[in-house]
Amino acid sequence: MNKRVLIIGACGQIGSELTLKLRDIYGNKNVIASDIRTGNKELMKSGPFEIVNAMDYDSIANIVENYNITDVYLMAAMLSATGEKFPDKAWQLNMNSLFNVLNLAKEGKIKKLFWPSSIAVFGSTTPKENTPQETVMEPSTVYGISKLAGERWCEYYHNKFGVDVRSVRYPGIISWKTKPGGGTTDYAVEIFHKALISGKYTCFLKEDTKLPMMYMNDAIDATLKIMQAPSSQIKIRSSYNLAAFSFTPKDLSEEIKKIVPEFEILYNPDFRQKIADSWPKSIDDSRSRGDWGWNYKFDIKKMSEEMLNNLYLKYEIV
Ligand code: AKB
């Protein structure tokens, strides 16, 4: 049976790049993008697009039926910082959207499901360095609680109903094409834009706040890799730890200064500092490496060069 893919939340930071990559692999007409709003030109023009509310089971079920969808990537979510402002909405969106697709899989209407978890599943009682796959998990944000609950539900649907669900715990994702929205790690993207536009950035986290991060190309790679692996290799059905590199705002500003010497960073921590302080500083992802061959390609240096080179072109700075 031919693969036909649906991405829910295709216009977001990860969804927009994932959709284009999936279209390259499976063909434009076999990859259906969907979101509650329209996306950028490239995404809208390169293949089918449907407006959908991730919390509306019937409209998702209709799309799945109309397009004979086999695989779903559920990328819609409310992230950590916005989730603290709208806790009810965050819980509803993050949980209802997951149940919709888990139930479609349980009913045999789709074959395979990707659902991202996050380092936000960990909390202040978790070991901070080299955080193990299995450890104490007491998240303190609504987002983290919803992701941890989601992980338990994914494992439950796999064990009880045989649902083929796969998941990774994304760290902060850095990309230049689409900006992230509402996360605690968003500073690591904003800083590049501000470095080129004004040469100055005021960071909402303290200079020594170390967090796990990853370049978008690696995040997409991991997502495709776990989805393409034979089912027998996926031994964890809650969610896999995933890592590339970790840095502080100060480390990142030093890296940017190597390319933009006049760049200046200031610090004005806000409510997001408390969220960041509750998260791990580095992640042990040996299970992902061992089970399905994960490895990253971009380190902080290569990522910073890629970000600045692409943003120079985007802003037409010569
Ligand atoms: C956030 O900051 O909320 C996200 C995440 C780490 O899941 N980027």
# chains A, B, ... in the order shown; residues from 1 in each chain; ligands from 1

call {"tool": "closest_atom_pairs", "arguments": {"of": "chain A", "to": "ligand 1", "cutoff": "7 Å", "atoms": "only C-alpha atoms and all ligand atoms", "output": "Markdown table"}}
result
| residue | atom | partner | partner_atom_place_in_ligand_line | distance |
| --- | --- | --- | --- | --- |
| A:Leu79 | CA | ligand 1 | 3 (O) | 4.3 |
| A:Ser80 | CA | ligand 1 | 3 (O) | 3.8 |
| A:Ala81 | CA | ligand 1 | 3 (O) | 6.1 |
| A:Ser118 | CA | ligand 1 | 7 (O) | 4.5 |
| A:Ile119 | CA | ligand 1 | 6 (C) | 5.5 |
| A:Ala120 | CA | ligand 1 | 7 (O) | 5.7 |
| A:Tyr170 | CA | ligand 1 | 7 (O) | 6.0 |
| A:Pro171 | CA | ligand 1 | 6 (C) | 4.8 |
| A:Gly172 | CA | ligand 1 | 8 (N) | 4.3 |
| A:Ile173 | CA | ligand 1 | 8 (N) | 6.1 |
| A:Gly182 | CA | ligand 1 | 3 (O) | 6.6 |
| A:Gly183 | CA | ligand 1 | 2 (O) | 3.4 |
| A:Thr184 | CA | ligand 1 | 2 (O) | 3.6 |
| A:Thr185 | CA | ligand 1 | 2 (O) | 4.1 |
| A:Asp186 | CA | ligand 1 | 2 (O) | 6.2 |

call {"tool": "residues_around", "arguments": {"residues": "region 256-268 of chain A", "least_positions_apart": "5", "cutoff": "7 Å", "atoms": "only C-alpha atoms", "output": "MDAnalysis selection string"}}
result
chainID A and resid 195 199:207 304

call {"tool": "write_last_selection", "arguments": {"atoms": "all heavy atoms", "output": "CSV table (one decimal), in the first residue's frame"}}
result
chain,number,residue,atom,x,y,z
A,195,ALA,N,20.6,39.7,16.1
A,195,ALA,CA,22.1,39.9,15.8
A,195,ALA,C,22.2,40.6,14.4
A,195,ALA,O,23.1,41.5,14.3
A,195,ALA,CB,22.9,38.6,15.9
A,199,GLY,N,22.0,44.1,15.9
A,199,GLY,CA,23.3,43.9,16.5
A,199,GLY,C,23.2,43.8,18.0
A,199,GLY,O,24.3,43.7,18.7
A,200,LYS,N,22.0,43.6,18.5
A,200,LYS,CA,21.8,43.6,20.0
A,200,LYS,C,20.7,42.7,20.3
A,200,LYS,O,19.7,42.7,19.6
A,200,LYS,CB,21.5,45.1,20.3
A,200,LYS,CG,21.8,45.4,21.8
A,200,LYS,CD,21.3,46.8,22.0
A,200,LYS,CE,22.3,47.7,22.7
A,200,LYS,NZ,21.8,49.0,23.0
A,201,TYR,N,20.8,42.0,21.4
A,201,TYR,CA,19.6,41.2,21.8
A,201,TYR,C,19.5,41.2,23.4
A,201,TYR,O,20.5,41.0,24.1
A,201,TYR,CB,19.8,39.7,21.3
A,201,TYR,CG,18.7,38.8,21.8
A,201,TYR,CD1,17.4,39.0,21.4
A,201,TYR,CD2,19.0,37.7,22.6
A,201,TYR,CE1,16.4,38.2,21.8
A,201,TYR,CE2,17.9,36.9,23.0
A,201,TYR,CZ,16.7,37.1,22.6
A,201,TYR,OH,15.6,36.3,23.0
A,202,THR,N,18.3,41.3,23.9
A,202,THR,CA,18.0,41.2,25.3
A,202,THR,C,17.4,39.8,25.5
A,202,THR,O,16.3,39.6,25.1
A,202,THR,CB,17.1,42.3,25.8
A,202,THR,OG1,17.7,43.6,25.4
A,202,THR,CG2,16.9,42.3,27.3
A,203,CYS,N,18.2,39.0,26.3
A,203,CYS,CA,17.8,37.6,26.5
A,203,CYS,C,16.9,37.5,27.7
A,203,CYS,O,17.2,38.1,28.7
A,203,CYS,CB,19.0,36.8,26.6
A,203,CYS,SG,18.7,35.0,26.8
A,204,PHE,N,15.8,36.7,27.6
A,204,PHE,CA,14.9,36.5,28.7
A,204,PHE,C,15.3,35.4,29.7
A,204,PHE,O,14.6,35.1,30.6
A,204,PHE,CB,13.5,36.3,28.2
A,204,PHE,CG,13.3,35.1,27.2
A,204,PHE,CD1,13.3,33.8,27.7
A,204,PHE,CD2,13.1,35.4,25.9
A,204,PHE,CE1,13.1,32.7,26.8
A,204,PHE,CE2,12.9,34.3,25.0
A,204,PHE,CZ,12.9,33.0,25.5
A,205,LEU,N,16.5,34.8,29.4
A,205,LEU,CA,17.1,33.9,30.4
A,205,LEU,C,18.4,34.4,30.8
A,205,LEU,O,19.1,35.2,30.1
A,205,LEU,CB,17.3,32.5,29.7
A,205,LEU,CG,16.1,31.8,29.2
A,205,LEU,CD1,16.5,30.4,28.6
A,205,LEU,CD2,15.0,31.6,30.3
A,206,LYS,N,18.9,33.9,32.0
A,206,LYS,CA,20.2,34.4,32.5
A,206,LYS,C,21.3,33.8,31.7
A,206,LYS,O,21.2,32.8,31.1
A,206,LYS,CB,20.4,33.9,34.0
A,206,LYS,CG,19.5,34.6,35.0
A,206,LYS,CD,20.0,34.3,36.4
A,206,LYS,CE,18.9,33.6,37.2
A,206,LYS,NZ,19.3,32.9,38.3
A,207,GLU,N,22.5,34.5,31.7
A,207,GLU,CA,23.6,34.1,30.8
A,207,GLU,C,24.1,32.7,31.0
A,207,GLU,O,24.7,32.1,30.1
A,207,GLU,CB,24.7,35.1,31.0
A,207,GLU,CG,25.4,35.1,32.4
A,207,GLU,CD,26.7,36.0,32.4
A,207,GLU,OE1,26.9,36.8,31.5
A,207,GLU,OE2,27.4,35.8,33.4
A,304,SER,N,25.5,27.6,14.1
A,304,SER,CA,25.5,29.1,14.1
A,304,SER,C,25.9,29.6,12.7
A,304,SER,O,25.3,30.6,12.2
A,304,SER,CB,26.5,29.6,15.1
A,304,SER,OG,26.2,29.1,16.4

call {"tool": "closest_residue", "arguments": {"among": "A:Glu42, A:Asp221, A:Glu255, A:Asp88", "to": "Lys302 (chain A)", "atoms": "only C-alpha atoms"}}
result
A:Glu255

call {"tool": "select_by_dssp", "arguments": {"residues": "region 17-181 of chain A", "states": "strand (DSSP E)", "output": "list in words"}}
result
Val31, Ile32, Ala33, Ser34, Asp35, Phe49, Glu50, Ile51, Asp71, Val72, Tyr73, Leu74, Lys112, Leu113, Phe114, Ser117, Ser118, Asp164, Val165, Arg166, Val168, Arg169, Tyr170, Gly172, Ile173 and Ile174 of chain A

call {"tool": "write_last_selection", "arguments": {"atoms": "N, CA and C atoms", "output": "PDB file, in the first residue's frame"}}
result
ATOM      1  N   VAL A  31       1.506  13.877   0.367  1.00  0.00           N
ATOM      2  CA  VAL A  31       1.755  14.462   1.688  1.00  0.00           C
ATOM      3  C   VAL A  31       0.814  15.648   1.895  1.00  0.00           C
ATOM      4  N   ILE A  32      -0.144  15.451   2.780  1.00  0.00           N
ATOM      5  CA  ILE A  32      -1.202  16.457   2.996  1.00  0.00           C
ATOM      6  C   ILE A  32      -0.851  17.285   4.224  1.00  0.00           C
ATOM      7  N   ALA A  33      -0.700  18.584   3.999  1.00  0.00           N
ATOM      8  CA  ALA A  33      -0.409  19.496   5.112  1.00  0.00           C
ATOM      9  C   ALA A  33      -1.734  19.983   5.681  1.00  0.00           C
ATOM     10  N   SER A  34      -1.798  20.161   6.995  1.00  0.00           N
ATOM     11  CA  SER A  34      -3.007  20.737   7.586  1.00  0.00           C
ATOM     12  C   SER A  34      -2.641  21.568   8.800  1.00  0.00           C
ATOM     13  N   ASP A  35      -3.450  22.583   9.025  1.00  0.00           N
ATOM     14  CA  ASP A  35      -3.217  23.460  10.173  1.00  0.00           C
ATOM     15  C   ASP A  35      -4.479  24.270  10.376  1.00  0.00           C
ATOM     16  N   PHE A  49      -3.372  21.015   0.882  1.00  0.00           N
ATOM     17  CA  PHE A  49      -3.447  21.660   2.201  1.00  0.00           C
ATOM     18  C   PHE A  49      -4.895  21.682   2.666  1.00  0.00           C
ATOM     19  N   GLU A  50      -5.130  21.401   3.927  1.00  0.00           N
ATOM     20  CA  GLU A  50      -6.474  21.436   4.509  1.00  0.00           C
ATOM     21  C   GLU A  50      -6.436  22.243   5.800  1.00  0.00           C
ATOM     22  N   ILE A  51      -7.457  23.093   5.966  1.00  0.00           N
ATOM     23  CA  ILE A  51      -7.621  23.775   7.261  1.00  0.00           C
ATOM     24  C   ILE A  51      -8.248  22.774   8.222  1.00  0.00           C
ATOM     25  N   ASP A  71      -0.052   7.414   7.406  1.00  0.00           N
ATOM     26  CA  ASP A  71       0.791   7.886   8.509  1.00  0.00           C
ATOM     27  C   ASP A  71       0.399   9.310   8.919  1.00  0.00           C
ATOM     28  N   VAL A  72       0.362   9.559  10.225  1.00  0.00           N
ATOM     29  CA  VAL A  72       0.062  10.915  10.709  1.00  0.00           C
ATOM     30  C   VAL A  72       1.216  11.422  11.571  1.00  0.00           C
ATOM     31  N   TYR A  73       1.580  12.683  11.346  1.00  0.00           N
ATOM     32  CA  TYR A  73       2.539  13.385  12.209  1.00  0.00           C
ATOM     33  C   TYR A  73       1.751  14.486  12.899  1.00  0.00           C
ATOM     34  N   LEU A  74       1.579  14.364  14.219  1.00  0.00           N
ATOM     35  CA  LEU A  74       0.821  15.377  14.959  1.00  0.00           C
ATOM     36  C   LEU A  74       1.786  16.411  15.539  1.00  0.00           C
ATOM     37  N   LYS A 112       0.402   4.323  11.209  1.00  0.00           N
ATOM     38  CA  LYS A 112       1.570   4.727  11.990  1.00  0.00           C
ATOM     39  C   LYS A 112       1.405   6.180  12.421  1.00  0.00           C
ATOM     40  N   LEU A 113       1.933   6.481  13.620  1.00  0.00           N
ATOM     41  CA  LEU A 113       1.738   7.819  14.177  1.00  0.00           C
ATOM     42  C   LEU A 113       3.040   8.354  14.768  1.00  0.00           C
ATOM     43  N   PHE A 114       3.356   9.611  14.429  1.00  0.00           N
ATOM     44  CA  PHE A 114       4.465  10.296  15.105  1.00  0.00           C
ATOM     45  C   PHE A 114       3.883  11.410  15.971  1.00  0.00           C
ATOM     46  N   SER A 117       7.319  14.424  21.917  1.00  0.00           N
ATOM     47  CA  SER A 117       7.356  14.832  23.307  1.00  0.00           C
ATOM     48  C   SER A 117       8.487  15.860  23.436  1.00  0.00           C
ATOM     49  N   SER A 118       8.930  16.125  24.637  1.00  0.00           N
ATOM     50  CA  SER A 118       9.862  17.242  24.854  1.00  0.00           C
ATOM     51  C   SER A 118      10.683  17.012  26.122  1.00  0.00           C
ATOM     52  N   ASP A 164       0.915   1.630  16.468  1.00  0.00           N
ATOM     53  CA  ASP A 164       2.316   1.872  16.117  1.00  0.00           C
ATOM     54  C   ASP A 164       2.609   3.368  16.254  1.00  0.00           C
ATOM     55  N   VAL A 165       2.850   3.792  17.482  1.00  0.00           N
ATOM     56  CA  VAL A 165       3.142   5.200  17.749  1.00  0.00           C
ATOM     57  C   VAL A 165       4.616   5.335  18.107  1.00  0.00           C
ATOM     58  N   ARG A 166       5.242   6.401  17.571  1.00  0.00           N
ATOM     59  CA  ARG A 166       6.677   6.621  17.785  1.00  0.00           C
ATOM     60  C   ARG A 166       6.886   8.070  18.218  1.00  0.00           C
ATOM     61  N   VAL A 168       9.838  11.119  20.027  1.00  0.00           N
ATOM     62  CA  VAL A 168      11.117  11.562  20.601  1.00  0.00           C
ATOM     63  C   VAL A 168      10.864  12.772  21.489  1.00  0.00           C
ATOM     64  N   ARG A 169      11.738  12.942  22.475  1.00  0.00           N
ATOM     65  CA  ARG A 169      11.662  14.114  23.346  1.00  0.00           C
ATOM     66  C   ARG A 169      12.554  15.199  22.744  1.00  0.00           C
ATOM     67  N   TYR A 170      11.960  16.104  21.954  1.00  0.00           N
ATOM     68  CA  TYR A 170      12.756  17.158  21.324  1.00  0.00           C
ATOM     69  C   TYR A 170      13.372  18.078  22.383  1.00  0.00           C
ATOM     70  N   GLY A 172      15.328  22.039  22.596  1.00  0.00           N
ATOM     71  CA  GLY A 172      15.024  23.283  21.881  1.00  0.00           C
ATOM     72  C   GLY A 172      15.479  23.144  20.438  1.00  0.00           C
ATOM     73  N   ILE A 173      14.622  23.520  19.492  1.00  0.00           N
ATOM     74  CA  ILE A 173      14.963  23.342  18.070  1.00  0.00           C
ATOM     75  C   ILE A 173      15.271  24.703  17.450  1.00  0.00           C
ATOM     76  N   ILE A 174      16.416  24.759  16.753  1.00  0.00           N
ATOM     77  CA  ILE A 174      16.884  26.024  16.175  1.00  0.00           C
ATOM     78  C   ILE A 174      16.779  25.964  14.657  1.00  0.00           C
TER      79      ILE A 174
END

call {"tool": "select_by_dssp", "arguments": {"residues": "region 39-169 of chain A", "states": "helix (DSSP H, G or I)", "output": "PyMOL selection string"}}
result
chain A and resi 41-45+57-66+80-85+87-106+119-121+142-161

call {"tool": "atom_distance", "arguments": {"atom1": "CA of Ala276 (chain A)", "atom2": "CA of Ala54 (chain A)"}}
result
27.4 Å

call {"tool": "decode", "arguments": {"residues": "region 222-251 of chain A", "atoms": "N, CA and C atoms", "output": "compact mmCIF listing (two decimals), in the first residue's frame"}}
result
# COMPACT_ATOMS: atom_id res chain seq x y z
N ALA A 222 15.99 12.94 12.73
CA ALA A 222 15.59 12.02 13.81
C ALA A 222 14.14 11.58 13.61
N THR A 223 13.30 12.53 13.24
CA THR A 223 11.87 12.25 13.06
C THR A 223 11.67 11.23 11.94
N LEU A 224 12.37 11.45 10.82
CA LEU A 224 12.24 10.52 9.69
C LEU A 224 12.83 9.16 10.05
N LYS A 225 13.96 9.20 10.73
CA LYS A 225 14.66 7.95 11.07
C LYS A 225 13.81 7.06 11.98
N ILE A 226 13.22 7.63 12.99
CA ILE A 226 12.43 6.80 13.92
C ILE A 226 11.17 6.29 13.21
N MET A 227 10.63 7.09 12.29
CA MET A 227 9.42 6.65 11.57
C MET A 227 9.74 5.58 10.53
N GLN A 228 10.95 5.62 9.99
CA GLN A 228 11.31 4.65 8.94
C GLN A 228 11.88 3.35 9.51
N ALA A 229 12.24 3.34 10.79
CA ALA A 229 12.85 2.15 11.38
C ALA A 229 11.83 1.01 11.45
N PRO A 230 12.28 -0.24 11.28
CA PRO A 230 11.36 -1.37 11.46
C PRO A 230 10.78 -1.34 12.87
N SER A 231 9.52 -1.73 12.97
CA SER A 231 8.81 -1.65 14.25
C SER A 231 9.56 -2.38 15.37
N SER A 232 10.24 -3.49 15.00
CA SER A 232 10.93 -4.29 16.02
C SER A 232 12.07 -3.51 16.69
N GLN A 233 12.59 -2.46 15.99
CA GLN A 233 13.68 -1.68 16.57
C GLN A 233 13.19 -0.62 17.57
N ILE A 234 11.89 -0.35 17.54
CA ILE A 234 11.35 0.69 18.43
C ILE A 234 10.93 0.02 19.73
N LYS A 235 11.85 0.07 20.69
CA LYS A 235 11.64 -0.66 21.94
C LYS A 235 10.94 0.21 22.99
N ILE A 236 11.02 1.52 22.79
CA ILE A 236 10.38 2.44 23.75
C ILE A 236 9.18 3.06 23.05
N ARG A 237 7.99 2.89 23.63
CA ARG A 237 6.78 3.40 22.99
C ARG A 237 6.18 4.58 23.74
N SER A 238 6.90 5.04 24.78
CA SER A 238 6.50 6.32 25.39
C SER A 238 7.19 7.39 24.55
N SER A 239 8.46 7.68 24.82
CA SER A 239 9.21 8.62 23.98
C SER A 239 10.71 8.49 24.27
N TYR A 240 11.50 8.62 23.21
CA TYR A 240 12.95 8.48 23.33
C TYR A 240 13.63 9.81 23.67
N ASN A 241 14.59 9.78 24.61
CA ASN A 241 15.50 10.91 24.77
C ASN A 241 16.25 11.16 23.47
N LEU A 242 16.46 12.44 23.15
CA LEU A 242 17.14 12.82 21.92
C LEU A 242 18.04 14.02 22.22
N ALA A 243 19.29 13.98 21.75
CA ALA A 243 20.19 15.10 22.08
C ALA A 243 21.14 15.42 20.94
N ALA A 244 21.60 16.66 20.93
CA ALA A 244 22.71 17.06 20.05
C ALA A 244 23.72 17.78 20.95
N PHE A 245 23.52 19.07 21.19
CA PHE A 245 24.48 19.83 22.03
C PHE A 245 23.71 20.67 23.05
N SER A 246 24.45 21.16 24.05
CA SER A 246 23.84 22.05 25.05
C SER A 246 24.68 23.32 25.12
N PHE A 247 24.02 24.45 25.37
CA PHE A 247 24.77 25.70 25.56
C PHE A 247 23.99 26.67 26.43
N THR A 248 24.69 27.70 26.89
CA THR A 248 24.06 28.80 27.65
C THR A 248 23.89 29.98 26.68
N PRO A 249 23.06 30.97 27.03
CA PRO A 249 22.97 32.18 26.20
C PRO A 249 24.35 32.82 25.99
N LYS A 250 25.21 32.76 27.03
CA LYS A 250 26.55 33.36 26.90
C LYS A 250 27.37 32.59 25.85
N ASP A 251 27.33 31.24 25.92
CA ASP A 251 28.06 30.43 24.93
C ASP A 251 27.61 30.79 23.52
